>>> print(open('structure_13.txt').read())   # compact mmCIF, C-alpha atoms and all ligand atoms
# COMPACT_ATOMS: atom_id res chain seq x y z
CA MET A 193 22.33 -32.67 175.76
CA ASN A 194 21.62 -29.11 174.78
CA VAL A 195 24.54 -28.32 172.41
CA CYS A 196 23.97 -24.61 172.90
CA MET A 197 25.17 -24.93 176.51
CA ALA A 198 28.49 -26.57 175.54
CA PRO A 199 31.50 -24.37 174.70
CA TRP A 200 31.68 -24.10 170.93
CA PRO A 201 34.59 -25.24 168.78
CA VAL A 202 37.20 -22.87 167.41
CA VAL A 203 39.21 -24.17 164.43
CA PHE A 204 42.43 -22.54 163.21
CA ASP A 205 44.31 -22.35 159.96
CA LEU A 206 48.08 -22.71 160.51
CA ASP A 207 50.40 -20.97 157.98
CA GLY A 208 49.94 -17.21 158.13
CA THR A 209 47.45 -17.53 161.02
CA LEU A 210 49.07 -19.15 164.08
CA ILE A 211 52.59 -19.29 162.63
CA ASP A 212 54.84 -17.26 160.37
CA SER A 213 56.26 -20.19 158.41
CA ALA A 214 57.09 -18.35 155.17
CA PRO A 215 60.84 -18.06 156.00
CA ASP A 216 61.18 -21.87 156.33
CA ILE A 217 59.09 -22.51 153.21
CA HIS A 218 61.15 -19.90 151.31
CA ALA A 219 64.42 -21.54 152.42
CA CYS A 220 63.25 -24.99 151.26
CA VAL A 221 61.95 -23.62 147.94
CA ASN A 222 65.27 -21.93 147.19
CA SER A 223 67.24 -24.99 148.23
CA VAL A 224 65.27 -27.06 145.67
CA LEU A 225 65.61 -24.37 142.98
CA THR A 226 69.38 -24.30 143.64
CA GLN A 227 69.58 -28.09 143.26
CA HIS A 228 67.90 -27.71 139.84
CA ASP A 229 70.01 -24.69 138.77
CA SER A 230 66.80 -22.66 138.56
CA PRO A 231 66.50 -18.94 139.43
CA LEU A 232 65.66 -18.18 143.07
CA LEU A 233 62.57 -16.48 144.53
CA THR A 234 62.26 -13.70 147.11
CA LEU A 235 60.56 -14.21 150.48
CA ASP A 236 57.70 -11.93 149.36
CA GLN A 237 57.13 -14.01 146.23
CA VAL A 238 57.05 -17.29 148.15
CA ARG A 239 54.79 -15.84 150.84
CA SER A 240 52.31 -14.78 148.15
CA PHE A 241 52.17 -18.40 146.88
CA ILE A 242 51.27 -19.98 150.28
CA GLY A 243 47.73 -21.02 151.18
CA GLY A 244 46.67 -23.73 148.76
CA GLY A 245 49.09 -26.43 149.92
CA VAL A 246 52.28 -27.89 148.41
CA ASP A 247 50.91 -28.70 144.97
CA VAL A 248 49.44 -25.22 144.45
CA LEU A 249 52.67 -23.67 145.80
CA TRP A 250 54.73 -25.47 143.16
CA GLN A 251 52.24 -24.79 140.36
CA LYS A 252 52.72 -21.09 141.13
CA ILE A 253 56.52 -21.40 141.40
CA MET A 254 56.80 -23.30 138.09
CA ALA A 255 54.63 -20.67 136.39
CA ALA A 256 56.56 -17.72 137.89
CA GLN A 257 59.96 -19.19 136.97
CA GLN A 258 58.76 -20.44 133.57
CA LEU A 259 59.71 -24.00 134.42
CA PRO A 260 57.89 -26.88 132.69
CA GLN A 261 54.87 -28.02 134.76
CA ASP A 262 55.61 -31.65 133.79
CA CYS A 263 58.82 -31.47 135.90
CA LYS A 264 56.84 -30.36 138.98
CA ALA A 265 56.78 -33.82 140.60
CA ASP A 266 60.62 -33.84 140.83
CA TYR A 267 60.67 -30.42 142.47
CA VAL A 268 57.88 -31.39 144.88
CA ALA A 269 59.68 -34.62 145.88
CA ALA A 270 62.88 -32.71 146.65
CA PHE A 271 60.88 -30.03 148.50
CA MET A 272 59.16 -32.58 150.77
CA ILE A 273 62.53 -33.91 151.97
CA CYS A 274 63.49 -30.41 153.16
CA TYR A 275 59.97 -29.45 154.31
CA GLN A 276 59.36 -32.35 156.70
CA ASP A 277 61.53 -30.85 159.42
CA ALA A 278 61.64 -27.20 158.37
CA THR A 279 60.97 -25.63 161.75
CA GLN A 280 64.04 -23.52 162.52
CA LEU A 281 62.87 -20.22 160.99
CA THR A 282 59.18 -20.56 161.92
CA ARG A 283 57.69 -18.45 164.72
CA LEU A 284 54.31 -18.18 166.40
CA PHE A 285 52.64 -14.83 165.79
CA PRO A 286 52.54 -12.59 168.89
CA ASN A 287 50.09 -13.54 171.67
CA VAL A 288 49.01 -16.80 169.99
CA VAL A 289 49.95 -19.04 172.92
CA ASP A 290 48.12 -16.86 175.47
CA ALA A 291 44.99 -16.67 173.28
CA LEU A 292 44.93 -20.45 172.76
CA GLY A 293 45.40 -20.95 176.50
CA VAL A 294 42.48 -18.65 177.36
CA LEU A 295 40.18 -20.42 174.87
CA ALA A 296 41.26 -23.87 176.08
CA ASP A 297 40.74 -22.85 179.73
CA ARG A 298 37.22 -21.72 178.85
CA GLY A 299 36.55 -25.21 177.51
CA HIS A 300 36.44 -24.49 173.78
CA PRO A 301 37.42 -27.56 171.74
CA LEU A 302 40.28 -26.37 169.52
CA GLY A 303 41.22 -27.76 166.10
CA ILE A 304 43.58 -27.16 163.18
CA CYS A 305 42.44 -27.24 159.55
CA THR A 306 45.44 -26.55 157.29
CA ASN A 307 46.45 -27.26 153.72
CA LYS A 308 49.98 -28.06 154.99
CA PRO A 309 50.72 -31.81 154.86
CA LEU A 310 49.78 -33.55 158.12
CA ALA A 311 53.26 -34.86 159.03
CA VAL A 312 54.80 -31.39 158.54
CA THR A 313 51.96 -29.88 160.58
CA GLN A 314 52.48 -32.34 163.44
CA ALA A 315 56.25 -31.70 163.43
CA ILE A 316 55.80 -27.93 163.70
CA LEU A 317 53.09 -28.16 166.40
CA ALA A 318 55.40 -30.42 168.45
CA HIS A 319 58.40 -28.13 167.86
CA LEU A 320 56.39 -25.12 169.10
CA ASP A 321 54.98 -27.14 172.03
CA ILE A 322 51.32 -26.43 171.20
CA ALA A 323 50.23 -29.85 169.85
CA HIS A 324 48.49 -30.79 173.13
CA LEU A 325 46.02 -27.89 172.77
CA PHE A 326 44.29 -29.33 169.70
CA GLY A 327 41.68 -32.09 169.81
CA CYS A 328 41.72 -32.60 166.04
CA VAL A 329 44.33 -31.76 163.39
CA ILE A 330 43.45 -32.08 159.70
CA GLY A 331 46.24 -31.52 157.16
CA GLY A 332 46.29 -31.04 153.40
CA ASP A 333 46.57 -34.78 152.84
CA SER A 334 44.18 -35.94 155.60
CA VAL A 335 41.09 -36.01 153.39
CA ALA A 336 40.69 -36.20 149.61
CA GLN A 337 39.99 -32.47 149.15
CA ARG A 338 41.82 -29.33 150.26
CA LYS A 339 40.53 -25.88 151.18
CA PRO A 340 38.66 -24.01 149.68
CA HIS A 341 36.61 -27.25 149.57
CA PRO A 342 34.52 -27.52 152.76
CA ALA A 343 35.46 -31.18 153.45
CA PRO A 344 38.63 -30.56 155.54
CA LEU A 345 36.84 -28.11 157.85
CA GLN A 346 33.83 -30.42 158.13
CA ALA A 347 36.23 -33.25 159.04
CA THR A 348 37.89 -31.08 161.70
CA LEU A 349 34.55 -30.19 163.29
CA ALA A 350 33.50 -33.85 163.22
CA GLY A 351 36.83 -34.85 164.78
CA LEU A 352 36.17 -32.42 167.64
CA GLY A 353 32.81 -34.06 168.21
CA ALA A 354 31.08 -30.81 167.29
CA ASP A 355 27.47 -30.69 166.30
CA PRO A 356 27.56 -29.58 162.64
CA ALA A 357 24.35 -27.65 163.31
CA ASP A 358 25.91 -25.58 166.12
CA PRO A 359 25.85 -22.08 164.60
CA ARG A 360 28.54 -20.84 166.96
CA ALA A 361 31.47 -22.93 165.58
CA ILE A 362 34.18 -20.54 164.31
CA TYR A 363 36.98 -20.78 161.77
CA VAL A 364 40.00 -18.49 162.18
CA GLY A 365 42.29 -18.02 159.17
CA ASP A 366 44.28 -15.62 157.03
CA SER A 367 43.62 -16.35 153.37
CA GLU A 368 41.26 -16.49 150.42
CA PHE A 369 41.28 -20.30 150.75
CA ASP A 370 40.09 -20.08 154.36
CA ALA A 371 37.36 -17.51 153.67
CA ALA A 372 35.95 -19.59 150.82
CA CYS A 373 36.14 -22.81 152.85
CA ALA A 374 34.31 -21.24 155.81
CA SER A 375 31.58 -19.90 153.48
CA ALA A 376 31.17 -23.31 151.90
CA VAL A 377 30.59 -25.18 155.20
CA PRO A 378 29.19 -22.59 156.27
CA VAL A 379 30.74 -21.33 159.53
CA PRO A 380 31.51 -17.75 160.63
CA PHE A 381 35.05 -16.69 159.67
CA LEU A 382 37.42 -14.52 161.70
CA ILE A 383 40.34 -13.20 159.64
CA TYR A 384 43.82 -12.49 160.97
CA SER A 385 44.88 -9.43 158.99
CA ARG A 386 48.67 -9.88 159.36
CA GLY A 387 48.78 -13.19 157.46
CA TYR A 388 49.48 -14.09 153.82
CA ARG A 389 46.24 -12.87 152.17
CA GLN A 390 46.62 -11.27 148.72
CA THR A 391 43.08 -9.88 148.37
CA PRO A 392 41.78 -6.72 150.11
CA ILE A 393 40.04 -7.83 153.31
CA GLU A 394 36.74 -6.15 152.33
CA GLN A 395 36.49 -8.53 149.36
CA LEU A 396 36.59 -11.65 151.56
CA PRO A 397 33.50 -12.82 153.46
CA HIS A 398 34.24 -12.56 157.19
CA LEU A 399 32.49 -11.96 160.48
CA ALA A 400 35.32 -9.85 161.91
CA GLN A 401 39.01 -9.12 161.45
CA PHE A 402 41.77 -8.79 164.03
CA ASP A 403 45.45 -7.90 163.95
CA ASP A 404 46.44 -9.05 167.45
CA PHE A 405 45.71 -12.44 168.99
CA ALA A 406 45.16 -10.70 172.33
CA CYS A 407 41.78 -9.62 170.85
CA LEU A 408 40.72 -13.10 169.75
CA PRO A 409 39.17 -14.49 172.97
CA GLY A 410 36.95 -11.40 173.21
CA LEU A 411 35.85 -11.74 169.57
CA VAL A 412 35.03 -15.42 170.06
CA GLU A 413 32.82 -14.71 173.08
CA ARG A 414 31.15 -11.69 171.45
CA HIS A 415 30.19 -13.80 168.44
CA ALA A 416 28.13 -16.17 170.60
CA THR A 417 26.27 -13.43 172.40
CA ALA A 418 25.63 -11.28 169.30
O1 LIG B 1 50.65 -24.90 153.22
C1 LIG B 1 49.95 -24.02 152.67
O2 LIG B 1 50.10 -23.62 151.49
C2 LIG B 1 48.85 -23.39 153.44
O3 LIG B 1 48.74 -23.77 154.75
P1 LIG B 1 47.52 -23.15 155.61
O4 LIG B 1 46.27 -23.84 155.10
O5 LIG B 1 47.89 -23.53 157.02
O6 LIG B 1 47.53 -21.68 155.39
MG MG B 2 46.97 -19.76 155.96
>>> encode(input="structure_13.txt", output="structure tokens")
Amino acid sequence: MNVCMAPWPVVFDLDGTLIDSAPDIHACVNSVLTQHDSPLLTLDQVRSFIGGGVDVLWQKIMAAQQLPQDCKADYVAAFMICYQDATQLTRLFPNVVDALGVLADRGHPLGICTNKPLAVTQAILAHLDIAHLFGCVIGGDSVAQRKPHPAPLQATLAGLGADPADPRAIYVGDSEFDAACASAVPVPFLIYSRGYRQTPIEQLPHLAQFDDFACLPGLVERHATA
């Protein structure tokens, strides 16, 4: 089969890309800090710590609140109890469902490559009724490494049955972790500019940026014909 004739895969990051999950993560973080009589964090602080997965999140929280890193495991354990069904405050970003529907209708295999734990990812995809759109979902505990390592994105592409040599495969994300992961594979990276990134966009390697998912299907098609 000529792989260049098949629709090419489009893989998505989750937190800060498809969904605004920071309010739920913030609520769980502060619930755990309250249980431990520790000072609370603002939504902006917690949002700035998201992207590397649960362990990195709590490393950053322990450092910011000057809590001993050797107590981190207790905080993480309490956090996971809250996090596993933290869906109430999470919303899809505008026009995400329509954009995913257009890409799926055009035959693009769609995947998720997130640093969020797999069970939490599956719960939120089911809650938002978009799980059926994705042929492969790789979470932060699905393979041994997490983004920015290339392994999770390589595993997602393999799970979609994609030819790793297909130069048209695309990764769509919001953060430094995603940009570095895409470069390491390498695959072209489209960056959603309204996510949780801390670095100026010009400093991150990317093919294109967008601030509205209504523009994404056009960008995906333009990439293949460029
Ligand atoms: O859970 C995180 O910290 C990041 O998740 P993401 O990879 O979907 O952005
Ligand atoms: Mg993200």
>>> closest_atom_pairs(input="structure_13.txt", of="chain A", to="ligand LIG 1 (chain B)", cutoff="10 Å", atoms="all atoms listed in the file", output="Markdown table")
| residue | atom | partner | partner_atom | distance |
| --- | --- | --- | --- | --- |
| A:Phe204 | CA | B:LIG1 | O5 | 8.3 |
| A:Asp205 | CA | B:LIG1 | O5 | 4.8 |
| A:Leu206 | CA | B:LIG1 | O5 | 3.6 |
| A:Asp207 | CA | B:LIG1 | O5 | 3.7 |
| A:Gly208 | CA | B:LIG1 | O6 | 5.8 |
| A:Thr209 | CA | B:LIG1 | O6 | 7.0 |
| A:Leu210 | CA | B:LIG1 | O5 | 8.4 |
| A:Ile211 | CA | B:LIG1 | O5 | 8.5 |
| A:Asp212 | CA | B:LIG1 | O6 | 9.9 |
| A:Ser213 | CA | B:LIG1 | O1 | 9.0 |
| A:Ala214 | CA | B:LIG1 | O1 | 9.4 |
| A:Ile217 | CA | B:LIG1 | O1 | 8.8 |
| A:Val238 | CA | B:LIG1 | O2 | 10.0 |
| A:Arg239 | CA | B:LIG1 | O2 | 9.1 |
| A:Ser240 | CA | B:LIG1 | O2 | 9.7 |
| A:Phe241 | CA | B:LIG1 | O2 | 7.3 |
| A:Ile242 | CA | B:LIG1 | O2 | 4.0 |
| A:Gly243 | CA | B:LIG1 | C2 | 3.5 |
| A:Gly244 | CA | B:LIG1 | O2 | 4.4 |
| A:Gly245 | CA | B:LIG1 | O2 | 3.4 |
| A:Val246 | CA | B:LIG1 | O2 | 5.7 |
| A:Asp247 | CA | B:LIG1 | O2 | 8.3 |
| A:Val248 | CA | B:LIG1 | O2 | 7.2 |
| A:Leu249 | CA | B:LIG1 | O2 | 6.2 |
| A:Trp250 | CA | B:LIG1 | O2 | 9.7 |
| A:Ile304 | CA | B:LIG1 | O5 | 8.3 |
| A:Cys305 | CA | B:LIG1 | O4 | 6.8 |
| A:Thr306 | CA | B:LIG1 | O4 | 3.6 |
| A:Asn307 | CA | B:LIG1 | O4 | 3.7 |
| A:Lys308 | CA | B:LIG1 | O1 | 3.7 |
| A:Pro309 | CA | B:LIG1 | O1 | 7.1 |
| A:Leu310 | CA | B:LIG1 | O1 | 10.0 |
| A:Val312 | CA | B:LIG1 | O1 | 9.4 |
| A:Thr313 | CA | B:LIG1 | O5 | 8.3 |
| A:Ile330 | CA | B:LIG1 | O4 | 9.8 |
| A:Gly331 | CA | B:LIG1 | O4 | 8.0 |
| A:Gly332 | CA | B:LIG1 | O4 | 7.4 |
| A:Arg338 | CA | B:LIG1 | O4 | 8.6 |
| A:Lys339 | CA | B:LIG1 | O4 | 7.2 |
| A:Pro340 | CA | B:LIG1 | O4 | 9.3 |
| A:Gly365 | CA | B:LIG1 | O6 | 7.4 |
| A:Asp366 | CA | B:LIG1 | O6 | 7.1 |
| A:Ser367 | CA | B:LIG1 | O6 | 6.9 |
| A:Glu368 | CA | B:LIG1 | O6 | 9.5 |
| A:Phe369 | CA | B:LIG1 | O4 | 7.5 |
| A:Asp370 | CA | B:LIG1 | O4 | 7.3 |
| A:Gly387 | CA | B:LIG1 | O6 | 8.8 |
| A:Tyr388 | CA | B:LIG1 | O6 | 8.0 |
| A:Arg389 | CA | B:LIG1 | O6 | 9.5 |
>>> atom_distance(input="structure_13.txt", atom1="atom CA of Leu320 of chain A", atom2="atom CA of Pro215 of chain A")
15.5 Å
>>> atom_distance(input="structure_13.txt", atom1="atom CA of Phe326 of chain A", atom2="atom CA of Pro301 of chain A")
7.4 Å
>>> closest_residue(input="structure_13.txt", among="A:Ala219, A:Leu411, A:Ile383, A:Ala255", to="ligand MG 2 (chain B)", atoms="only C-alpha atoms and all ligand atoms")
A:Ile383
>>> atom_distance(input="structure_13.txt", atom1="atom CA of Gln401 of chain A", atom2="atom CA of Ala278 of chain A")
29.1 Å
>>> residues_around(input="structure_13.txt", residues="His319 of chain A", least_positions_apart="4", cutoff="10 Å", atoms="only C-alpha atoms", output="VMD selection string")
chain A and resid 277 279 to 280 282 313 to 315 323
>>> write_last_selection(input="structure_13.txt", atoms="C-alpha atoms", output="mmCIF file, in the coordinates of the input")
data_model
loop_
_atom_site.group_PDB
_atom_site.id
_atom_site.type_symbol
_atom_site.label_atom_id
_atom_site.label_comp_id
_atom_site.auth_asym_id
_atom_site.auth_seq_id
_atom_site.Cartn_x
_atom_site.Cartn_y
_atom_site.Cartn_z
ATOM 1 C CA ASP A 277 61.530 -30.850 159.420
ATOM 2 C CA THR A 279 60.970 -25.630 161.750
ATOM 3 C CA GLN A 280 64.040 -23.520 162.520
ATOM 4 C CA THR A 282 59.180 -20.560 161.920
ATOM 5 C CA THR A 313 51.960 -29.880 160.580
ATOM 6 C CA GLN A 314 52.480 -32.340 163.440
ATOM 7 C CA ALA A 315 56.250 -31.700 163.430
ATOM 8 C CA ALA A 323 50.230 -29.850 169.850
#
>>> axis_aligned_box(input="structure_13.txt", around="segment 336-343 of chain A", padding_each_side="3 Å", output="JSON")
{"center_x": 38.2, "center_y": -30.1, "center_z": 151.3, "size_x": 13.3, "size_y": 18.2, "size_z": 10.3}
>>> residues_near_point(input="structure_13.txt", point="(29.8, -16.5, 169.0)", cutoff="9 Å", atoms="all atoms listed in the file", output="list in words")
Trp200, Pro359, Arg360, Ala361, Ile362, Pro380, Leu411, Val412, Glu413, Arg414, His415, Ala416, Thr417 and Ala418 of chain A
>>> closest_residue(input="structure_13.txt", among="A:Phe402, A:Tyr384, A:Phe271, A:Tyr363", to="Cys220 of chain A", atoms="all atoms listed in the file")
A:Phe271
>>> residues_around(input="structure_13.txt", residues="Asp266 of chain A", least_positions_apart="6", cutoff="12 Å", atoms="all atoms listed in the file", output="list in words")
Val224, Leu225, Gln227, His228, Asp247, Trp250, Met254, Leu259, Pro260, Met272 and Ile273 of chain A
>>> closest_residue(input="structure_13.txt", among="A:Leu396, A:Ala371, A:Cys407, A:Leu325", to="ligand MG 2 (chain B)", atoms="all atoms listed in the file")
A:Ala371
>>> closest_residue(input="structure_13.txt", among="A:Ala336, A:Ala270, A:Val294, A:Ala374", to="Val203 of chain A", atoms="all atoms listed in the file")
A:Ala374
>>> closest_residue(input="structure_13.txt", among="A:Ile316, A:Leu292, A:Ile322, A:Pro378", to="Pro342 of chain A", atoms="all atoms listed in the file")
A:Pro378
>>> closest_residue(input="structure_13.txt", among="A:Leu349, A:Ala311, A:Leu317, A:Cys274", to="Val289 of chain A", atoms="all atoms listed in the file")
A:Leu317
